[in-house]
Amino acid sequence: MLSIDNTYNAQELRDFDERVAKGLGSKNYDYVVELKIDGLAIELIYENGFLQTGSTRGDGTIGEDITQNLKTVEAIPLAIKEKKQVIVRGEVFITKNDFERINKMQQEKGLPVYANPRNIAAGSIRQLDPKITAGRKLDSFAYELLTNFGQKTHEEKHKILKDLGFKTNKHNKYCKNLEEVLQFHEYWIKKRKKLDYEIDGVVVLVNNNEIFEKLGVVGKAPRGAIAYKFP
C-alpha cells in the first residue's frame, strides 16, 4: 500500500504535471482530484461477497487486523453482490460533531481531550473492544478499487465502488487539466469549513489507469499522484 508525495505550493504541482508529461512524452492525459480526508487509511478484502479482512496501512506491507472494529462502521458494507475477491481501499474518519461530542465526554470523565479528529479515528479503530469503536460513530469513504472490473479510469473505479455499495465522496471531481486542479484546490481552501469532516488538502491523480501504471513508482510513491496540501 503506497504512500503519496505531497506539496504545499502551486509551482511544485506544476513541476509534478511537467514530470507526468515528460514521462509520457505527451500532454494527452487528465486528472481526478479527491478531497484529502484527515483520517486513517484502510484496506478491505471481500471473499464470496462478505467482508473477510480489514486492516490498517501499517508500514505499507504489513498492517494491523482491525476487521471486527471496521464491521461496526455503518458506511462499510458487511456484504456486497459480488462473489469474486474484491479489494477496496479507503479512509476511516470522524465528523467534527462527533469529535466535539467525544471530547466533551472525555472532559466530563476528567480524561485528556483528543488533539484532532484523526487521533480519535486512529485510536477508535484500534480499540480491543468493538463496542467502544461502535460508540465513536466512525465514518468512511472508499477511494481505490484493486480488483479488475474492466475499469479504464480512476473515475470508473469510483462508479463501480458506488454500485457495489461503498460510500464515495461526492465532492471528488474530474479535471481536464492542471488549471482546473488549481481552481479545485482554491475553492476548497475557502469552503473546507462548511464540510462536517476535516480535510487537509486534495489528492491529484492521473485519471487513465493505463497511464497511471505506466508512470510507475519512485520509492514508495506513485509518479501519477500527488497530495496538494493546504497552507
# chains A, B, ... in the order shown; residues from 1 in each chain; ligands from 1
call {"tool": "residues_around", "arguments": {"residues": "Ile102 of chain A", "least_positions_apart": "6", "cutoff": "10 Å", "atoms": "only C-alpha atoms", "output": "list of chain:residue names"}}
result
A:Glu108, A:Val113, A:Tyr114, A:Pro117, A:Ile120, A:Gly135, A:Arg136, A:Lys137
call {"tool": "residues_around", "arguments": {"residues": "segment 50-59 of chain A", "least_positions_apart": "6", "cutoff": "9 Å", "atoms": "only C-alpha atoms", "output": "list of chain:residue names"}}
result
A:Met1, A:Leu2, A:Leu40, A:Ala41, A:Ile42, A:Glu43, A:Leu44, A:Asp65, A:Ile66, A:Thr67, A:Gln68, A:Asn69, A:Leu70, A:Lys71, A:Pro77, A:Leu78, A:Ala79, A:Ile80, A:Lys81, A:Glu82, A:Lys83, A:Ile125
call {"tool": "residues_around", "arguments": {"residues": "Ala121 of chain A", "least_positions_apart": "6", "cutoff": "10 Å", "atoms": "only C-alpha atoms", "output": "short mmCIF file (atom, residue, chain, number, x, y, z; two decimals) with N, CA and C atoms, in the first residue's frame"}}
result
data_model
loop_
_atom_site.label_atom_id
_atom_site.label_comp_id
_atom_site.auth_asym_id
_atom_site.auth_seq_id
_atom_site.Cartn_x
_atom_site.Cartn_y
_atom_site.Cartn_z
N ASP A 38 -8.73 13.81 6.48
CA ASP A 38 -7.77 13.69 7.58
C ASP A 38 -8.21 12.54 8.49
N GLY A 39 -7.90 11.31 8.04
CA GLY A 39 -8.31 10.13 8.79
C GLY A 39 -7.24 9.05 8.74
N LEU A 40 -7.69 7.81 8.70
CA LEU A 40 -6.78 6.66 8.74
C LEU A 40 -7.05 5.77 7.53
N GLU A 91 -10.68 5.43 3.55
CA GLU A 91 -10.30 6.21 4.73
C GLU A 91 -11.39 6.10 5.79
N VAL A 92 -10.97 5.93 7.03
CA VAL A 92 -11.89 5.98 8.16
C VAL A 92 -11.66 7.30 8.87
N PHE A 93 -12.74 7.99 9.23
CA PHE A 93 -12.60 9.31 9.85
C PHE A 93 -13.76 9.55 10.81
N ILE A 94 -13.71 10.65 11.52
CA ILE A 94 -14.79 11.02 12.42
C ILE A 94 -15.24 12.44 12.09
N THR A 95 -16.53 12.70 12.17
CA THR A 95 -17.04 14.03 11.83
C THR A 95 -16.67 15.05 12.92
N PHE A 99 -16.42 14.47 16.98
CA PHE A 99 -15.15 14.85 17.63
C PHE A 99 -15.43 15.69 18.87
N THR A 133 -15.51 1.07 19.72
CA THR A 133 -15.41 1.60 18.35
C THR A 133 -16.79 2.01 17.84
N ARG A 136 -18.09 5.32 18.90
CA ARG A 136 -17.41 6.51 18.36
C ARG A 136 -18.05 7.01 17.07
N LYS A 137 -18.93 6.19 16.47
CA LYS A 137 -19.66 6.57 15.24
C LYS A 137 -18.72 7.00 14.10
N LEU A 138 -17.77 6.16 13.77
CA LEU A 138 -16.83 6.45 12.69
C LEU A 138 -17.54 6.42 11.33
N ASP A 139 -16.94 7.12 10.37
CA ASP A 139 -17.46 7.16 9.01
C ASP A 139 -16.34 6.71 8.07
#
call {"tool": "select_by_dssp", "arguments": {"residues": "segment 4-204 of chain A", "states": "helix (DSSP H, G or I)", "output": "PDB file with C-alpha atoms, in the first residue's frame"}}
result
ATOM      1  CA  ALA A  10       1.444  25.625  -6.890  1.00  0.00           C
ATOM      2  CA  GLN A  11       4.872  25.649  -8.552  1.00  0.00           C
ATOM      3  CA  GLU A  12       5.680  22.180  -7.217  1.00  0.00           C
ATOM      4  CA  LEU A  13       2.319  20.997  -8.536  1.00  0.00           C
ATOM      5  CA  ARG A  14       3.243  22.430 -11.947  1.00  0.00           C
ATOM      6  CA  ASP A  15       6.575  20.602 -11.692  1.00  0.00           C
ATOM      7  CA  PHE A  16       4.635  17.390 -10.986  1.00  0.00           C
ATOM      8  CA  ASP A  17       2.496  17.998 -14.087  1.00  0.00           C
ATOM      9  CA  GLU A  18       5.640  18.546 -16.180  1.00  0.00           C
ATOM     10  CA  ARG A  19       7.139  15.278 -14.888  1.00  0.00           C
ATOM     11  CA  VAL A  20       3.954  13.426 -15.891  1.00  0.00           C
ATOM     12  CA  ALA A  21       4.082  14.981 -19.387  1.00  0.00           C
ATOM     13  CA  LYS A  22       7.798  14.169 -19.707  1.00  0.00           C
ATOM     14  CA  GLY A  23       7.267  10.597 -18.516  1.00  0.00           C
ATOM     15  CA  LEU A  24       4.568  10.070 -21.149  1.00  0.00           C
ATOM     16  CA  THR A  67     -11.717  -6.426  10.926  1.00  0.00           C
ATOM     17  CA  GLN A  68     -14.093  -6.612  13.899  1.00  0.00           C
ATOM     18  CA  ASN A  69     -13.837  -2.881  14.572  1.00  0.00           C
ATOM     19  CA  LEU A  70     -14.402  -1.974  10.921  1.00  0.00           C
ATOM     20  CA  LYS A  96     -16.465  17.369  13.532  1.00  0.00           C
ATOM     21  CA  ASN A  97     -19.660  16.971  15.595  1.00  0.00           C
ATOM     22  CA  ASP A  98     -18.657  13.554  16.899  1.00  0.00           C
ATOM     23  CA  PHE A  99     -15.148  14.852  17.626  1.00  0.00           C
ATOM     24  CA  GLU A 100     -16.655  17.539  19.853  1.00  0.00           C
ATOM     25  CA  ARG A 101     -19.087  15.041  21.428  1.00  0.00           C
ATOM     26  CA  ILE A 102     -16.290  12.626  22.386  1.00  0.00           C
ATOM     27  CA  ASN A 103     -14.036  15.376  23.747  1.00  0.00           C
ATOM     28  CA  LYS A 104     -16.915  16.633  25.874  1.00  0.00           C
ATOM     29  CA  MET A 105     -17.323  13.119  27.287  1.00  0.00           C
ATOM     30  CA  GLN A 106     -13.573  12.968  27.956  1.00  0.00           C
ATOM     31  CA  GLN A 107     -13.735  16.254  29.893  1.00  0.00           C
ATOM     32  CA  GLU A 108     -16.727  15.072  31.936  1.00  0.00           C
ATOM     33  CA  PRO A 117     -10.265  14.106  14.773  1.00  0.00           C
ATOM     34  CA  ARG A 118      -7.567  11.950  13.158  1.00  0.00           C
ATOM     35  CA  ASN A 119      -6.239  10.905  16.573  1.00  0.00           C
ATOM     36  CA  ILE A 120      -9.725   9.793  17.638  1.00  0.00           C
ATOM     37  CA  ALA A 121     -10.261   7.853  14.404  1.00  0.00           C
ATOM     38  CA  ALA A 122      -6.890   6.105  14.726  1.00  0.00           C
ATOM     39  CA  GLY A 123      -7.419   5.344  18.413  1.00  0.00           C
ATOM     40  CA  SER A 124     -11.011   4.190  17.941  1.00  0.00           C
ATOM     41  CA  ILE A 125     -10.219   1.769  15.150  1.00  0.00           C
ATOM     42  CA  PRO A 130     -15.530  -3.289  19.132  1.00  0.00           C
ATOM     43  CA  LYS A 131     -18.348  -1.836  21.287  1.00  0.00           C
ATOM     44  CA  ILE A 132     -16.118   1.154  22.074  1.00  0.00           C
ATOM     45  CA  THR A 133     -15.414   1.599  18.353  1.00  0.00           C
ATOM     46  CA  ALA A 134     -19.148   1.419  17.593  1.00  0.00           C
ATOM     47  CA  GLY A 135     -19.817   4.173  20.150  1.00  0.00           C
ATOM     48  CA  HIS A 154      -9.998   6.273 -11.788  1.00  0.00           C
ATOM     49  CA  GLU A 155     -13.415   7.867 -12.325  1.00  0.00           C
ATOM     50  CA  GLU A 156     -14.807   4.467 -13.329  1.00  0.00           C
ATOM     51  CA  LYS A 157     -13.375   2.922 -10.140  1.00  0.00           C
ATOM     52  CA  HIS A 158     -15.489   5.317  -8.088  1.00  0.00           C
ATOM     53  CA  LYS A 159     -18.616   4.491 -10.080  1.00  0.00           C
ATOM     54  CA  ILE A 160     -18.048   0.735  -9.550  1.00  0.00           C
ATOM     55  CA  LEU A 161     -17.370   1.269  -5.834  1.00  0.00           C
ATOM     56  CA  LYS A 162     -20.654   3.157  -5.530  1.00  0.00           C
ATOM     57  CA  ASP A 163     -22.513   0.426  -7.459  1.00  0.00           C
ATOM     58  CA  LEU A 164     -21.050  -2.189  -5.092  1.00  0.00           C
ATOM     59  CA  LEU A 178      -3.830  21.371 -14.263  1.00  0.00           C
ATOM     60  CA  GLU A 179      -5.593  24.744 -14.236  1.00  0.00           C
ATOM     61  CA  GLU A 180      -8.850  23.067 -13.213  1.00  0.00           C
ATOM     62  CA  VAL A 181      -6.940  21.222 -10.463  1.00  0.00           C
ATOM     63  CA  LEU A 182      -5.640  24.548  -9.138  1.00  0.00           C
ATOM     64  CA  GLN A 183      -9.166  26.009  -9.199  1.00  0.00           C
ATOM     65  CA  PHE A 184     -10.497  22.990  -7.283  1.00  0.00           C
ATOM     66  CA  HIS A 185      -7.797  23.416  -4.631  1.00  0.00           C
ATOM     67  CA  GLU A 186      -8.501  27.141  -4.303  1.00  0.00           C
ATOM     68  CA  TYR A 187     -12.245  26.501  -3.980  1.00  0.00           C
ATOM     69  CA  TRP A 188     -11.799  24.054  -1.103  1.00  0.00           C
ATOM     70  CA  ILE A 189      -9.387  26.286   0.795  1.00  0.00           C
ATOM     71  CA  LYS A 190     -12.332  28.681   1.084  1.00  0.00           C
ATOM     72  CA  LYS A 191     -15.112  26.100   1.550  1.00  0.00           C
ATOM     73  CA  ARG A 192     -13.466  23.456   3.775  1.00  0.00           C
ATOM     74  CA  LYS A 193     -15.030  24.844   6.975  1.00  0.00           C
ATOM     75  CA  LYS A 194     -18.502  24.066   5.578  1.00  0.00           C
TER      76      LYS A 194
END
call {"tool": "select_by_dssp", "arguments": {"residues": "segment 70-222 of chain A", "states": "strand (DSSP E or B)", "output": "NGL selection string"}}
result
:A and (79 or 86-93 or 139-145 or 153 or 173-175 or 199-206 or 208 or 217-218 or 221-222)
call {"tool": "write_last_selection", "arguments": {"atoms": "C-alpha atoms", "output": "mmCIF file, in the first residue's frame"}}
result
data_model
loop_
_atom_site.group_PDB
_atom_site.id
_atom_site.type_symbol
_atom_site.label_atom_id
_atom_site.label_comp_id
_atom_site.auth_asym_id
_atom_site.auth_seq_id
_atom_site.Cartn_x
_atom_site.Cartn_y
_atom_site.Cartn_z
ATOM 1 C CA ALA A 79 -21.636 -7.907 2.277
ATOM 2 C CA VAL A 86 -12.807 -7.677 -4.120
ATOM 3 C CA ILE A 87 -10.102 -5.457 -2.619
ATOM 4 C CA VAL A 88 -11.012 -1.895 -1.700
ATOM 5 C CA ARG A 89 -9.065 0.894 -0.023
ATOM 6 C CA GLY A 90 -10.374 3.945 1.723
ATOM 7 C CA GLU A 91 -10.298 6.212 4.729
ATOM 8 C CA VAL A 92 -11.891 5.980 8.161
ATOM 9 C CA PHE A 93 -12.603 9.307 9.853
ATOM 10 C CA ASP A 139 -17.461 7.159 9.007
ATOM 11 C CA SER A 140 -15.653 6.026 5.864
ATOM 12 C CA PHE A 141 -15.114 6.833 2.192
ATOM 13 C CA ALA A 142 -13.820 4.285 -0.339
ATOM 14 C CA TYR A 143 -11.397 5.722 -2.909
ATOM 15 C CA GLU A 144 -9.487 2.834 -4.510
ATOM 16 C CA LEU A 145 -10.506 -0.428 -6.176
ATOM 17 C CA THR A 153 -10.099 5.289 -15.435
ATOM 18 C CA LYS A 173 -14.017 15.921 -9.367
ATOM 19 C CA TYR A 174 -12.810 15.238 -12.881
ATOM 20 C CA CYS A 175 -10.346 17.912 -14.076
ATOM 21 C CA ILE A 199 -9.653 17.805 5.109
ATOM 22 C CA ASP A 200 -6.023 18.883 4.812
ATOM 23 C CA GLY A 201 -5.685 19.204 1.053
ATOM 24 C CA VAL A 202 -6.591 17.497 -2.213
ATOM 25 C CA VAL A 203 -5.209 14.362 -3.873
ATOM 26 C CA VAL A 204 -4.404 14.725 -7.572
ATOM 27 C CA LEU A 205 -4.389 11.517 -9.654
ATOM 28 C CA VAL A 206 -3.833 10.828 -13.334
ATOM 29 C CA ASN A 208 -6.307 6.992 -17.021
ATOM 30 C CA VAL A 217 6.618 4.241 -8.744
ATOM 31 C CA VAL A 218 9.540 6.131 -7.244
ATOM 32 C CA ALA A 221 5.077 6.757 -4.054
ATOM 33 C CA PRO A 222 3.346 6.511 -7.455
#
call {"tool": "closest_residue", "arguments": {"among": "A:Arg126, A:Lys214, A:Lys176, A:Arg223", "to": "Tyr29 of chain A", "atoms": "only C-alpha atoms"}}
result
A:Lys176
call {"tool": "closest_residue", "arguments": {"among": "A:Asn177, A:Asn9, A:Asn48, A:Thr61", "to": "Asn28 of chain A", "atoms": "only C-alpha atoms"}}
result
A:Asn177
call {"tool": "atom_distance", "arguments": {"atom1": "atom CA of Glu74 of chain A", "atom2": "atom CA of Leu111 of chain A"}}
result
27.2 Å
call {"tool": "atom_distance", "arguments": {"atom1": "atom CA of Ala75 of chain A", "atom2": "atom CA of Phe166 of chain A"}}
result
7.0 Å
call {"tool": "atom_distance", "arguments": {"atom1": "atom CA of Asn209 of chain A", "atom2": "atom CA of Gly224 of chain A"}}
result
9.5 Å
